[in-house]
>>> print(open('protein.pdb').read())   # PDB, C-alpha atoms
ATOM      1  CA  MET A 756      24.424  45.343 107.682  1.00  0.00           C
ATOM      2  CA  LEU A 757      25.032  49.111 107.515  1.00  0.00           C
ATOM      3  CA  ALA A 758      22.479  51.915 107.314  1.00  0.00           C
ATOM      4  CA  ILE A 759      23.419  55.604 107.138  1.00  0.00           C
ATOM      5  CA  GLU A 760      20.599  58.128 107.259  1.00  0.00           C
ATOM      6  CA  ASP A 761      20.803  61.891 106.675  1.00  0.00           C
ATOM      7  CA  LEU A 762      24.374  62.089 107.988  1.00  0.00           C
ATOM      8  CA  TRP A 763      25.842  65.563 108.483  1.00  0.00           C
ATOM      9  CA  VAL A 764      29.437  65.731 109.735  1.00  0.00           C
ATOM     10  CA  SER A 765      31.878  68.555 110.473  1.00  0.00           C
ATOM     11  CA  ILE A 766      35.609  68.722 111.164  1.00  0.00           C
ATOM     12  CA  ASP A 767      37.062  71.644 113.133  1.00  0.00           C
ATOM     13  CA  GLY A 768      33.848  73.569 112.564  1.00  0.00           C
ATOM     14  CA  GLN A 769      33.790  72.985 108.792  1.00  0.00           C
ATOM     15  CA  GLU A 770      30.859  71.062 107.367  1.00  0.00           C
ATOM     16  CA  ILE A 771      32.084  68.138 105.211  1.00  0.00           C
ATOM     17  CA  LEU A 772      29.269  65.578 104.864  1.00  0.00           C
ATOM     18  CA  LYS A 773      25.869  66.988 103.947  1.00  0.00           C
ATOM     19  CA  GLY A 774      22.968  64.607 104.285  1.00  0.00           C
ATOM     20  CA  VAL A 775      24.548  61.299 103.264  1.00  0.00           C
ATOM     21  CA  ASN A 776      22.224  58.301 102.864  1.00  0.00           C
ATOM     22  CA  LEU A 777      23.569  54.811 102.177  1.00  0.00           C
ATOM     23  CA  ARG A 778      22.496  51.206 102.838  1.00  0.00           C
ATOM     24  CA  ILE A 779      24.597  48.073 102.454  1.00  0.00           C
ATOM     25  CA  PRO A 780      22.822  44.715 102.880  1.00  0.00           C
ATOM     26  CA  ALA A 781      24.584  41.747 104.445  1.00  0.00           C
ATOM     27  CA  GLY A 782      26.829  39.941 101.973  1.00  0.00           C
ATOM     28  CA  GLU A 783      27.175  42.857  99.553  1.00  0.00           C
ATOM     29  CA  THR A 784      30.189  44.928  98.512  1.00  0.00           C
ATOM     30  CA  HIS A 785      29.644  48.565  97.595  1.00  0.00           C
ATOM     31  CA  VAL A 786      32.133  51.003  96.054  1.00  0.00           C
ATOM     32  CA  LEU A 787      32.298  54.747  96.635  1.00  0.00           C
ATOM     33  CA  PHE A 788      33.934  56.844  93.904  1.00  0.00           C
ATOM     34  CA  GLY A 789      34.989  60.445  94.318  1.00  0.00           C
ATOM     35  CA  LYS A 790      37.785  62.866  93.625  1.00  0.00           C
ATOM     36  CA  ASN A 791      40.159  63.991  96.357  1.00  0.00           C
ATOM     37  CA  GLY A 792      38.522  66.229  98.931  1.00  0.00           C
ATOM     38  CA  SER A 793      34.976  65.093  98.200  1.00  0.00           C
ATOM     39  CA  GLY A 794      34.416  63.645 101.699  1.00  0.00           C
ATOM     40  CA  LYS A 795      35.041  59.921 101.094  1.00  0.00           C
ATOM     41  CA  SER A 796      37.632  59.388 103.827  1.00  0.00           C
ATOM     42  CA  THR A 797      35.634  61.595 106.198  1.00  0.00           C
ATOM     43  CA  LEU A 798      32.735  59.173 105.789  1.00  0.00           C
ATOM     44  CA  LEU A 799      34.876  56.157 106.732  1.00  0.00           C
ATOM     45  CA  MET A 800      36.485  57.901 109.700  1.00  0.00           C
ATOM     46  CA  THR A 801      33.041  58.961 110.916  1.00  0.00           C
ATOM     47  CA  LEU A 802      31.739  55.403 110.588  1.00  0.00           C
ATOM     48  CA  MET A 803      34.705  54.188 112.644  1.00  0.00           C
ATOM     49  CA  GLY A 804      34.035  56.774 115.340  1.00  0.00           C
ATOM     50  CA  PHE A 805      37.187  58.907 115.370  1.00  0.00           C
ATOM     51  CA  PRO A 806      36.477  61.824 117.722  1.00  0.00           C
ATOM     52  CA  ARG A 807      37.631  64.588 115.366  1.00  0.00           C
ATOM     53  CA  TYR A 808      34.629  63.865 113.130  1.00  0.00           C
ATOM     54  CA  ILE A 809      31.545  65.427 114.717  1.00  0.00           C
ATOM     55  CA  VAL A 810      28.104  64.095 113.762  1.00  0.00           C
ATOM     56  CA  ARG A 811      25.763  67.083 113.630  1.00  0.00           C
ATOM     57  CA  GLN A 812      22.708  65.215 112.408  1.00  0.00           C
ATOM     58  CA  GLY A 813      21.639  61.768 111.267  1.00  0.00           C
ATOM     59  CA  SER A 814      22.338  58.196 112.333  1.00  0.00           C
ATOM     60  CA  ILE A 815      24.576  55.183 111.690  1.00  0.00           C
ATOM     61  CA  ARG A 816      23.299  51.659 112.331  1.00  0.00           C
ATOM     62  CA  LEU A 817      25.377  48.480 112.216  1.00  0.00           C
ATOM     63  CA  LYS A 818      23.441  45.198 112.141  1.00  0.00           C
ATOM     64  CA  GLY A 819      20.406  47.119 113.373  1.00  0.00           C
ATOM     65  CA  GLN A 820      22.168  48.743 116.339  1.00  0.00           C
ATOM     66  CA  ASP A 821      22.622  52.502 116.560  1.00  0.00           C
ATOM     67  CA  ILE A 822      26.374  53.177 116.747  1.00  0.00           C
ATOM     68  CA  THR A 823      26.255  56.907 115.947  1.00  0.00           C
ATOM     69  CA  HIS A 824      27.870  57.947 119.217  1.00  0.00           C
ATOM     70  CA  LEU A 825      29.666  54.756 120.288  1.00  0.00           C
ATOM     71  CA  PRO A 826      33.448  54.911 120.839  1.00  0.00           C
ATOM     72  CA  THR A 827      35.722  53.321 118.243  1.00  0.00           C
ATOM     73  CA  TYR A 828      36.612  50.232 120.293  1.00  0.00           C
ATOM     74  CA  GLU A 829      32.939  49.320 120.773  1.00  0.00           C
ATOM     75  CA  ARG A 830      32.311  49.603 117.033  1.00  0.00           C
ATOM     76  CA  ALA A 831      35.251  47.279 116.428  1.00  0.00           C
ATOM     77  CA  ARG A 832      33.851  44.774 118.921  1.00  0.00           C
ATOM     78  CA  LEU A 833      30.515  44.861 117.098  1.00  0.00           C
ATOM     79  CA  GLY A 834      32.242  43.856 113.862  1.00  0.00           C
ATOM     80  CA  LEU A 835      33.383  47.046 112.131  1.00  0.00           C
ATOM     81  CA  GLY A 836      36.898  46.997 110.641  1.00  0.00           C
ATOM     82  CA  LEU A 837      38.911  49.688 108.828  1.00  0.00           C
ATOM     83  CA  ALA A 838      41.967  49.624 106.557  1.00  0.00           C
ATOM     84  CA  PHE A 839      43.564  53.069 106.214  1.00  0.00           C
ATOM     85  CA  GLN A 840      44.681  54.595 102.945  1.00  0.00           C
ATOM     86  CA  ARG A 841      47.957  55.537 104.628  1.00  0.00           C
ATOM     87  CA  PRO A 842      48.421  53.335 107.711  1.00  0.00           C
ATOM     88  CA  PRO A 843      50.383  54.871 110.583  1.00  0.00           C
ATOM     89  CA  THR A 844      53.848  53.703 111.603  1.00  0.00           C
ATOM     90  CA  ILE A 845      53.933  52.462 115.218  1.00  0.00           C
ATOM     91  CA  ARG A 846      57.447  52.448 116.603  1.00  0.00           C
ATOM     92  CA  GLY A 847      58.155  50.075 119.489  1.00  0.00           C
ATOM     93  CA  VAL A 848      55.318  47.668 118.597  1.00  0.00           C
ATOM     94  CA  ARG A 849      56.102  44.484 116.687  1.00  0.00           C
ATOM     95  CA  THR A 850      53.758  43.469 113.887  1.00  0.00           C
ATOM     96  CA  ARG A 851      53.466  40.065 115.564  1.00  0.00           C
ATOM     97  CA  ASP A 852      52.124  41.675 118.755  1.00  0.00           C
ATOM     98  CA  LEU A 853      49.563  43.750 116.864  1.00  0.00           C
ATOM     99  CA  LEU A 854      48.311  40.676 114.995  1.00  0.00           C
ATOM    100  CA  ALA A 855      48.057  38.777 118.281  1.00  0.00           C
ATOM    101  CA  ALA A 856      45.980  41.617 119.755  1.00  0.00           C
ATOM    102  CA  CYS A 857      43.662  41.552 116.726  1.00  0.00           C
ATOM    103  CA  ALA A 858      43.350  37.765 116.957  1.00  0.00           C
ATOM    104  CA  GLY A 859      42.154  37.754 120.557  1.00  0.00           C
ATOM    105  CA  GLY A 860      43.549  34.291 121.172  1.00  0.00           C
ATOM    106  CA  ARG A 861      42.606  32.807 117.783  1.00  0.00           C
ATOM    107  CA  SER A 862      45.239  31.115 115.635  1.00  0.00           C
ATOM    108  CA  TYR A 863      46.477  33.140 112.665  1.00  0.00           C
ATOM    109  CA  GLN A 864      49.781  31.532 111.638  1.00  0.00           C
ATOM    110  CA  TYR A 865      48.156  29.841 108.641  1.00  0.00           C
ATOM    111  CA  LEU A 866      47.261  33.289 107.255  1.00  0.00           C
ATOM    112  CA  VAL A 867      50.830  34.511 107.780  1.00  0.00           C
ATOM    113  CA  ASP A 868      52.103  31.488 105.851  1.00  0.00           C
ATOM    114  CA  LEU A 869      49.453  31.788 103.137  1.00  0.00           C
ATOM    115  CA  TYR A 870      50.394  35.377 102.314  1.00  0.00           C
ATOM    116  CA  GLU A 871      54.149  34.952 102.954  1.00  0.00           C
ATOM    117  CA  PHE A 872      54.186  37.548 105.712  1.00  0.00           C
ATOM    118  CA  ALA A 873      56.506  35.801 108.192  1.00  0.00           C
ATOM    119  CA  PRO A 874      59.561  38.043 107.405  1.00  0.00           C
ATOM    120  CA  PHE A 875      57.623  41.084 108.667  1.00  0.00           C
ATOM    121  CA  LEU A 876      56.424  39.737 112.017  1.00  0.00           C
ATOM    122  CA  GLU A 877      59.387  40.908 114.098  1.00  0.00           C
ATOM    123  CA  ARG A 878      59.510  44.353 112.492  1.00  0.00           C
ATOM    124  CA  GLU A 879      57.886  47.425 114.015  1.00  0.00           C
ATOM    125  CA  VAL A 880      54.436  48.098 112.609  1.00  0.00           C
ATOM    126  CA  ASN A 881      54.795  49.613 109.124  1.00  0.00           C
ATOM    127  CA  TYR A 882      58.277  50.963 109.871  1.00  0.00           C
ATOM    128  CA  GLY A 883      60.228  50.879 106.621  1.00  0.00           C
ATOM    129  CA  PHE A 884      57.420  49.040 104.825  1.00  0.00           C
ATOM    130  CA  SER A 885      56.716  49.746 101.166  1.00  0.00           C
ATOM    131  CA  GLY A 886      53.216  50.855 100.152  1.00  0.00           C
ATOM    132  CA  GLY A 887      52.285  47.325  99.152  1.00  0.00           C
ATOM    133  CA  GLU A 888      53.710  45.815 102.338  1.00  0.00           C
ATOM    134  CA  MET A 889      51.712  48.276 104.446  1.00  0.00           C
ATOM    135  CA  LYS A 890      48.488  47.349 102.661  1.00  0.00           C
ATOM    136  CA  ARG A 891      49.171  43.620 103.058  1.00  0.00           C
ATOM    137  CA  SER A 892      49.835  44.204 106.768  1.00  0.00           C
ATOM    138  CA  GLU A 893      46.603  46.186 107.176  1.00  0.00           C
ATOM    139  CA  LEU A 894      44.527  43.557 105.404  1.00  0.00           C
ATOM    140  CA  LEU A 895      46.144  40.730 107.332  1.00  0.00           C
ATOM    141  CA  GLN A 896      45.147  42.506 110.552  1.00  0.00           C
ATOM    142  CA  LEU A 897      41.570  42.599 109.253  1.00  0.00           C
ATOM    143  CA  LEU A 898      41.674  38.908 108.352  1.00  0.00           C
ATOM    144  CA  VAL A 899      42.759  38.130 111.891  1.00  0.00           C
ATOM    145  CA  GLN A 900      40.168  40.505 113.386  1.00  0.00           C
ATOM    146  CA  ASP A 901      37.449  38.936 111.172  1.00  0.00           C
ATOM    147  CA  PRO A 902      35.007  41.895 111.055  1.00  0.00           C
ATOM    148  CA  ALA A 903      31.507  41.614 109.625  1.00  0.00           C
ATOM    149  CA  MET A 904      31.612  45.044 107.930  1.00  0.00           C
ATOM    150  CA  LEU A 905      34.796  46.162 106.163  1.00  0.00           C
ATOM    151  CA  LEU A 906      35.738  49.762 105.425  1.00  0.00           C
ATOM    152  CA  LEU A 907      38.600  49.977 102.910  1.00  0.00           C
ATOM    153  CA  ASP A 908      40.073  53.391 102.100  1.00  0.00           C
ATOM    154  CA  GLU A 909      41.654  53.290  98.620  1.00  0.00           C
ATOM    155  CA  PRO A 910      43.230  49.835  98.959  1.00  0.00           C
ATOM    156  CA  GLU A 911      45.005  50.237  95.589  1.00  0.00           C
ATOM    157  CA  SER A 912      46.726  53.515  96.552  1.00  0.00           C
ATOM    158  CA  GLY A 913      50.538  53.300  96.544  1.00  0.00           C
ATOM    159  CA  VAL A 914      50.567  49.596  95.636  1.00  0.00           C
ATOM    160  CA  ASP A 915      52.560  48.130  92.738  1.00  0.00           C
ATOM    161  CA  LEU A 916      50.943  45.644  90.364  1.00  0.00           C
ATOM    162  CA  GLU A 917      52.480  42.567  91.997  1.00  0.00           C
ATOM    163  CA  ASN A 918      51.258  43.523  95.449  1.00  0.00           C
ATOM    164  CA  LEU A 919      47.923  44.723  94.072  1.00  0.00           C
ATOM    165  CA  GLN A 920      47.084  41.205  92.997  1.00  0.00           C
ATOM    166  CA  VAL A 921      47.784  39.952  96.535  1.00  0.00           C
ATOM    167  CA  VAL A 922      45.731  42.832  97.964  1.00  0.00           C
ATOM    168  CA  GLY A 923      42.853  41.802  95.702  1.00  0.00           C
ATOM    169  CA  GLU A 924      43.130  38.175  96.822  1.00  0.00           C
ATOM    170  CA  ILE A 925      42.993  39.156 100.502  1.00  0.00           C
ATOM    171  CA  ILE A 926      40.024  41.477  99.991  1.00  0.00           C
ATOM    172  CA  ASN A 927      38.153  38.722  98.161  1.00  0.00           C
ATOM    173  CA  ARG A 928      38.861  36.384 101.073  1.00  0.00           C
ATOM    174  CA  LEU A 929      37.692  39.003 103.585  1.00  0.00           C
ATOM    175  CA  LEU A 930      34.447  39.478 101.659  1.00  0.00           C
ATOM    176  CA  GLN A 931      33.869  35.717 101.183  1.00  0.00           C
ATOM    177  CA  LYS A 932      33.780  36.028  97.394  1.00  0.00           C
ATOM    178  CA  ASP A 933      34.379  32.279  97.115  1.00  0.00           C
ATOM    179  CA  ARG A 934      30.815  31.727  98.405  1.00  0.00           C
ATOM    180  CA  ARG A 935      27.539  32.178  96.586  1.00  0.00           C
ATOM    181  CA  ARG A 936      26.174  35.659  97.216  1.00  0.00           C
ATOM    182  CA  SER A 937      23.247  34.359  99.276  1.00  0.00           C
ATOM    183  CA  HIS A 938      25.690  32.565 101.599  1.00  0.00           C
ATOM    184  CA  ARG A 939      27.997  35.520 102.266  1.00  0.00           C
ATOM    185  CA  GLU A 940      27.891  37.095 105.716  1.00  0.00           C
ATOM    186  CA  LYS A 941      30.496  39.849 105.279  1.00  0.00           C
ATOM    187  CA  SER A 942      29.855  43.260 103.725  1.00  0.00           C
ATOM    188  CA  GLY A 943      32.210  45.928 102.457  1.00  0.00           C
ATOM    189  CA  LEU A 944      32.395  49.615 101.602  1.00  0.00           C
ATOM    190  CA  ILE A 945      35.411  50.373  99.430  1.00  0.00           C
ATOM    191  CA  ILE A 946      36.590  53.873  98.613  1.00  0.00           C
ATOM    192  CA  THR A 947      38.373  54.330  95.312  1.00  0.00           C
ATOM    193  CA  HIS A 948      39.575  57.303  93.295  1.00  0.00           C
ATOM    194  CA  THR A 949      40.895  55.425  90.253  1.00  0.00           C
ATOM    195  CA  GLY A 950      38.668  52.324  90.224  1.00  0.00           C
ATOM    196  CA  PHE A 951      41.681  50.021  89.710  1.00  0.00           C
ATOM    197  CA  ILE A 952      40.531  47.753  92.534  1.00  0.00           C
ATOM    198  CA  LEU A 953      37.579  46.650  90.371  1.00  0.00           C
ATOM    199  CA  ASP A 954      40.061  44.744  88.213  1.00  0.00           C
ATOM    200  CA  TYR A 955      40.497  42.377  91.174  1.00  0.00           C
ATOM    201  CA  LEU A 956      37.028  42.062  92.707  1.00  0.00           C
ATOM    202  CA  ASP A 957      33.344  42.353  91.896  1.00  0.00           C
ATOM    203  CA  ALA A 958      31.101  44.910  93.576  1.00  0.00           C
ATOM    204  CA  ASP A 959      27.314  44.922  93.836  1.00  0.00           C
ATOM    205  CA  SER A 960      26.646  48.644  93.780  1.00  0.00           C
ATOM    206  CA  GLY A 961      28.484  51.917  93.286  1.00  0.00           C
ATOM    207  CA  TYR A 962      28.105  55.549  94.349  1.00  0.00           C
ATOM    208  CA  ILE A 963      29.629  58.887  93.466  1.00  0.00           C
ATOM    209  CA  MET A 964      30.421  61.359  96.239  1.00  0.00           C
ATOM    210  CA  LEU A 965      30.662  65.039  95.375  1.00  0.00           C
ATOM    211  CA  GLU A 966      30.945  67.984  97.758  1.00  0.00           C
ATOM    212  CA  GLY A 967      29.967  65.827 100.733  1.00  0.00           C
ATOM    213  CA  LYS A 968      26.856  64.398  99.066  1.00  0.00           C
ATOM    214  CA  ILE A 969      26.008  61.147  97.253  1.00  0.00           C
ATOM    215  CA  PRO A 970      23.886  62.151  94.242  1.00  0.00           C
ATOM    216  CA  CYS A 971      24.335  58.953  92.191  1.00  0.00           C
ATOM    217  CA  GLN A 972      24.023  55.206  92.692  1.00  0.00           C
ATOM    218  CA  GLY A 973      24.228  52.419  90.115  1.00  0.00           C
ATOM    219  CA  ASN A 974      26.263  49.649  88.548  1.00  0.00           C
ATOM    220  CA  PRO A 975      29.871  50.239  89.690  1.00  0.00           C
ATOM    221  CA  ARG A 976      31.480  49.312  86.365  1.00  0.00           C
ATOM    222  CA  GLU A 977      29.099  51.545  84.423  1.00  0.00           C
ATOM    223  CA  ILE A 978      29.852  54.402  86.817  1.00  0.00           C
ATOM    224  CA  LEU A 979      33.596  53.831  86.355  1.00  0.00           C
ATOM    225  CA  GLN A 980      33.301  53.858  82.566  1.00  0.00           C
ATOM    226  CA  HIS A 981      31.290  57.092  82.752  1.00  0.00           C
ATOM    227  CA  LEU A 982      33.949  58.681  84.962  1.00  0.00           C
ATOM    228  CA  LYS A 983      36.725  57.598  82.615  1.00  0.00           C
ATOM    229  CA  LYS A 984      34.883  59.149  79.686  1.00  0.00           C
ATOM    230  CA  PHE A 985      33.505  62.347  81.214  1.00  0.00           C
ATOM    231  CA  GLY A 986      35.273  62.859  84.562  1.00  0.00           C
ATOM    232  CA  TYR A 987      33.843  64.082  87.850  1.00  0.00           C
ATOM    233  CA  GLU A 988      33.108  67.561  86.515  1.00  0.00           C
ATOM    234  CA  GLU A 989      30.323  66.176  84.331  1.00  0.00           C
ATOM    235  CA  CYS A 990      28.811  64.602  87.446  1.00  0.00           C
ATOM    236  CA  ALA A 991      29.069  67.938  89.249  1.00  0.00           C
ATOM    237  CA  ARG A 992      27.259  69.739  86.413  1.00  0.00           C
ATOM    238  CA  CYS A 993      24.548  67.064  86.485  1.00  0.00           C
ATOM    239  CA  MET A 994      24.138  67.441  90.260  1.00  0.00           C
ATOM    240  CA  ARG A 995      23.785  71.207  89.993  1.00  0.00           C
TER
END
>>> encode(input="protein.pdb", output="structure tokens")
Amino acid sequence: MLAIEDLWVSIDGQEILKGVNLRIPAGETHVLFGKNGSGKSTLLMTLMGFPRYIVRQGSIRLKGQDITHLPTYERARLGLGLAFQRPPTIRGVRTRDLLAACAGGRSYQYLVDLYEFAPFLEREVNYGFSGGEMKRSELLQLLVQDPAMLLLDEPESGVDLENLQVVGEIINRLLQKDRRRSHREKSGLIITHTGFILDYLDADSGYIMLEGKIPCQGNPREILQHLKKFGYEECARCMR
């Protein structure tokens, strides 16, 4: 589904990603751990094609197609979808209109009803929303868009426990967790700092990002337990 090879990325002349390699097969969910400032969000923004993030070297392939230098809208059309850690507020645009644009003519009212989102449809996008309401709005947009490859930037950030359960339910639906693994078509890359999201979904593989590199890959729950016990500094000493 997604293949990243020797990816070097800079922002405003500063090198952030330094030779990142990562592969996510179709139907799998992978989790990327890392402390703040390690380059996790830079990786997602680069994958989505935001112009501030300059690829200096390497390649990104989605479903076998090279998307390294494609504009953001073409990546979205090919099946790439992103949920921000802190979604922007869009004044003057109703949430209903944004969902309709994501749907492209497909029906989505059943999803609005399922996740009790009707009271938010006439409100401006994310204006006055709580952290949990923003995340539910973001994930509902992804459900309507129906991407093949999901990029989720700290979906548990700023979300209370009640909303976190709903967020987990939506992510599981997005990633087709109700199907047998061999029958899943959707893949995901989830960034997390705390690992709380793993209380609500299963992941197939995990990585640690440090200083713009990915030195470790393994069982995501084992990685999380190691981080809880030793912290990221132990990983940094190991990498050095």
>>> closest_atom_pairs(input="protein.pdb", of="stretch 903-991 of chain A", to="stretch 851-872 of chain A", cutoff="10 Å", atoms="only C-alpha atoms", output="CSV")
residue,atom,partner,partner_atom,distance
A:Val921,CA,A:Tyr870,CA,7.8
A:Val922,CA,A:Tyr870,CA,9.8
A:Glu924,CA,A:Tyr870,CA,9.5
A:Ile925,CA,A:Tyr870,CA,8.5
>>> resolve_selection(input="protein.pdb", expression="the PyMOL selection byres ((chain A and resi 939) around 12)", output="PyMOL selection string")
chain A and resi 756+780-784+903-904+927-938+940-943
>>> write_last_selection(input="protein.pdb", atoms="C-alpha atoms", output="PDB file, in the coordinates of the input")
ATOM      1  CA  MET A 756      24.424  45.343 107.682  1.00  0.00           C
ATOM      2  CA  PRO A 780      22.822  44.715 102.880  1.00  0.00           C
ATOM      3  CA  ALA A 781      24.584  41.747 104.445  1.00  0.00           C
ATOM      4  CA  GLY A 782      26.829  39.941 101.973  1.00  0.00           C
ATOM      5  CA  GLU A 783      27.175  42.857  99.553  1.00  0.00           C
ATOM      6  CA  THR A 784      30.189  44.928  98.512  1.00  0.00           C
ATOM      7  CA  ALA A 903      31.507  41.614 109.625  1.00  0.00           C
ATOM      8  CA  MET A 904      31.612  45.044 107.930  1.00  0.00           C
ATOM      9  CA  ASN A 927      38.153  38.722  98.161  1.00  0.00           C
ATOM     10  CA  ARG A 928      38.861  36.384 101.073  1.00  0.00           C
ATOM     11  CA  LEU A 929      37.692  39.003 103.585  1.00  0.00           C
ATOM     12  CA  LEU A 930      34.447  39.478 101.659  1.00  0.00           C
ATOM     13  CA  GLN A 931      33.869  35.717 101.183  1.00  0.00           C
ATOM     14  CA  LYS A 932      33.780  36.028  97.394  1.00  0.00           C
ATOM     15  CA  ASP A 933      34.379  32.279  97.115  1.00  0.00           C
ATOM     16  CA  ARG A 934      30.815  31.727  98.405  1.00  0.00           C
ATOM     17  CA  ARG A 935      27.539  32.178  96.586  1.00  0.00           C
ATOM     18  CA  ARG A 936      26.174  35.659  97.216  1.00  0.00           C
ATOM     19  CA  SER A 937      23.247  34.359  99.276  1.00  0.00           C
ATOM     20  CA  HIS A 938      25.690  32.565 101.599  1.00  0.00           C
ATOM     21  CA  GLU A 940      27.891  37.095 105.716  1.00  0.00           C
ATOM     22  CA  LYS A 941      30.496  39.849 105.279  1.00  0.00           C
ATOM     23  CA  SER A 942      29.855  43.260 103.725  1.00  0.00           C
ATOM     24  CA  GLY A 943      32.210  45.928 102.457  1.00  0.00           C
TER      25      GLY A 943
END
>>> residues_around(input="protein.pdb", residues="A:Arg846", least_positions_apart="2", cutoff="9 Å", atoms="all atoms listed in the file", output="list in words")
Thr844, Val848, Arg849, Glu879, Val880, Asn881 and Tyr882 of chain A
>>> atom_distance(input="protein.pdb", atom1="atom CA of A:Lys968", atom2="atom CA of A:Pro826")
24.6 Å
>>> atom_distance(input="protein.pdb", atom1="atom CA of A:Phe884", atom2="atom CA of A:Val899")
19.6 Å
>>> residues_around(input="protein.pdb", residues="A:Lys790", least_positions_apart="2", cutoff="12 Å", atoms="all atoms listed in the file", output="PyMOL selection string")
chain A and resi 787-788+792-796+909+946-950+963-967+982+986-988+990-991
>>> build_atoms(input="protein.pdb", residues="stretch 831-845 of chain A", atoms="N, CA and C atoms", output="PDB file, keeping the file's coordinate frame")
ATOM      1  N   ALA A 831      34.409  48.394 116.857  1.00  0.00           N
ATOM      2  CA  ALA A 831      35.251  47.279 116.428  1.00  0.00           C
ATOM      3  C   ALA A 831      34.754  45.963 117.024  1.00  0.00           C
ATOM      4  N   ARG A 832      34.359  45.989 118.276  1.00  0.00           N
ATOM      5  CA  ARG A 832      33.851  44.774 118.921  1.00  0.00           C
ATOM      6  C   ARG A 832      32.550  44.300 118.290  1.00  0.00           C
ATOM      7  N   LEU A 833      31.775  45.225 117.749  1.00  0.00           N
ATOM      8  CA  LEU A 833      30.515  44.861 117.098  1.00  0.00           C
ATOM      9  C   LEU A 833      30.720  44.328 115.676  1.00  0.00           C
ATOM     10  N   GLY A 834      31.964  44.436 115.166  1.00  0.00           N
ATOM     11  CA  GLY A 834      32.242  43.856 113.862  1.00  0.00           C
ATOM     12  C   GLY A 834      32.585  44.832 112.763  1.00  0.00           C
ATOM     13  N   LEU A 835      32.992  46.055 113.124  1.00  0.00           N
ATOM     14  CA  LEU A 835      33.383  47.046 112.131  1.00  0.00           C
ATOM     15  C   LEU A 835      34.909  47.070 112.043  1.00  0.00           C
ATOM     16  N   GLY A 836      35.451  46.995 110.829  1.00  0.00           N
ATOM     17  CA  GLY A 836      36.898  46.997 110.641  1.00  0.00           C
ATOM     18  C   GLY A 836      37.314  47.961 109.551  1.00  0.00           C
ATOM     19  N   LEU A 837      38.449  48.650 109.756  1.00  0.00           N
ATOM     20  CA  LEU A 837      38.911  49.688 108.828  1.00  0.00           C
ATOM     21  C   LEU A 837      40.350  49.432 108.397  1.00  0.00           C
ATOM     22  N   ALA A 838      40.607  49.595 107.088  1.00  0.00           N
ATOM     23  CA  ALA A 838      41.967  49.624 106.557  1.00  0.00           C
ATOM     24  C   ALA A 838      42.226  51.034 106.035  1.00  0.00           C
ATOM     25  N   PHE A 839      43.245  51.692 106.583  1.00  0.00           N
ATOM     26  CA  PHE A 839      43.564  53.069 106.214  1.00  0.00           C
ATOM     27  C   PHE A 839      44.144  53.164 104.806  1.00  0.00           C
ATOM     28  N   GLN A 840      43.983  54.335 104.200  1.00  0.00           N
ATOM     29  CA  GLN A 840      44.681  54.595 102.945  1.00  0.00           C
ATOM     30  C   GLN A 840      46.183  54.700 103.204  1.00  0.00           C
ATOM     31  N   ARG A 841      46.546  55.401 104.247  1.00  0.00           N
ATOM     32  CA  ARG A 841      47.957  55.537 104.628  1.00  0.00           C
ATOM     33  C   ARG A 841      48.084  55.114 106.093  1.00  0.00           C
ATOM     34  N   PRO A 842      48.352  53.837 106.334  1.00  0.00           N
ATOM     35  CA  PRO A 842      48.421  53.335 107.711  1.00  0.00           C
ATOM     36  C   PRO A 842      49.543  54.004 108.492  1.00  0.00           C
ATOM     37  N   PRO A 843      49.348  54.236 109.775  1.00  0.00           N
ATOM     38  CA  PRO A 843      50.383  54.871 110.583  1.00  0.00           C
ATOM     39  C   PRO A 843      51.525  53.909 110.895  1.00  0.00           C
ATOM     40  N   THR A 844      52.706  54.460 111.094  1.00  0.00           N
ATOM     41  CA  THR A 844      53.848  53.703 111.603  1.00  0.00           C
ATOM     42  C   THR A 844      53.791  53.712 113.125  1.00  0.00           C
ATOM     43  N   ILE A 845      53.984  52.551 113.760  1.00  0.00           N
ATOM     44  CA  ILE A 845      53.933  52.462 115.218  1.00  0.00           C
ATOM     45  C   ILE A 845      55.278  51.938 115.706  1.00  0.00           C
TER      46      ILE A 845
END
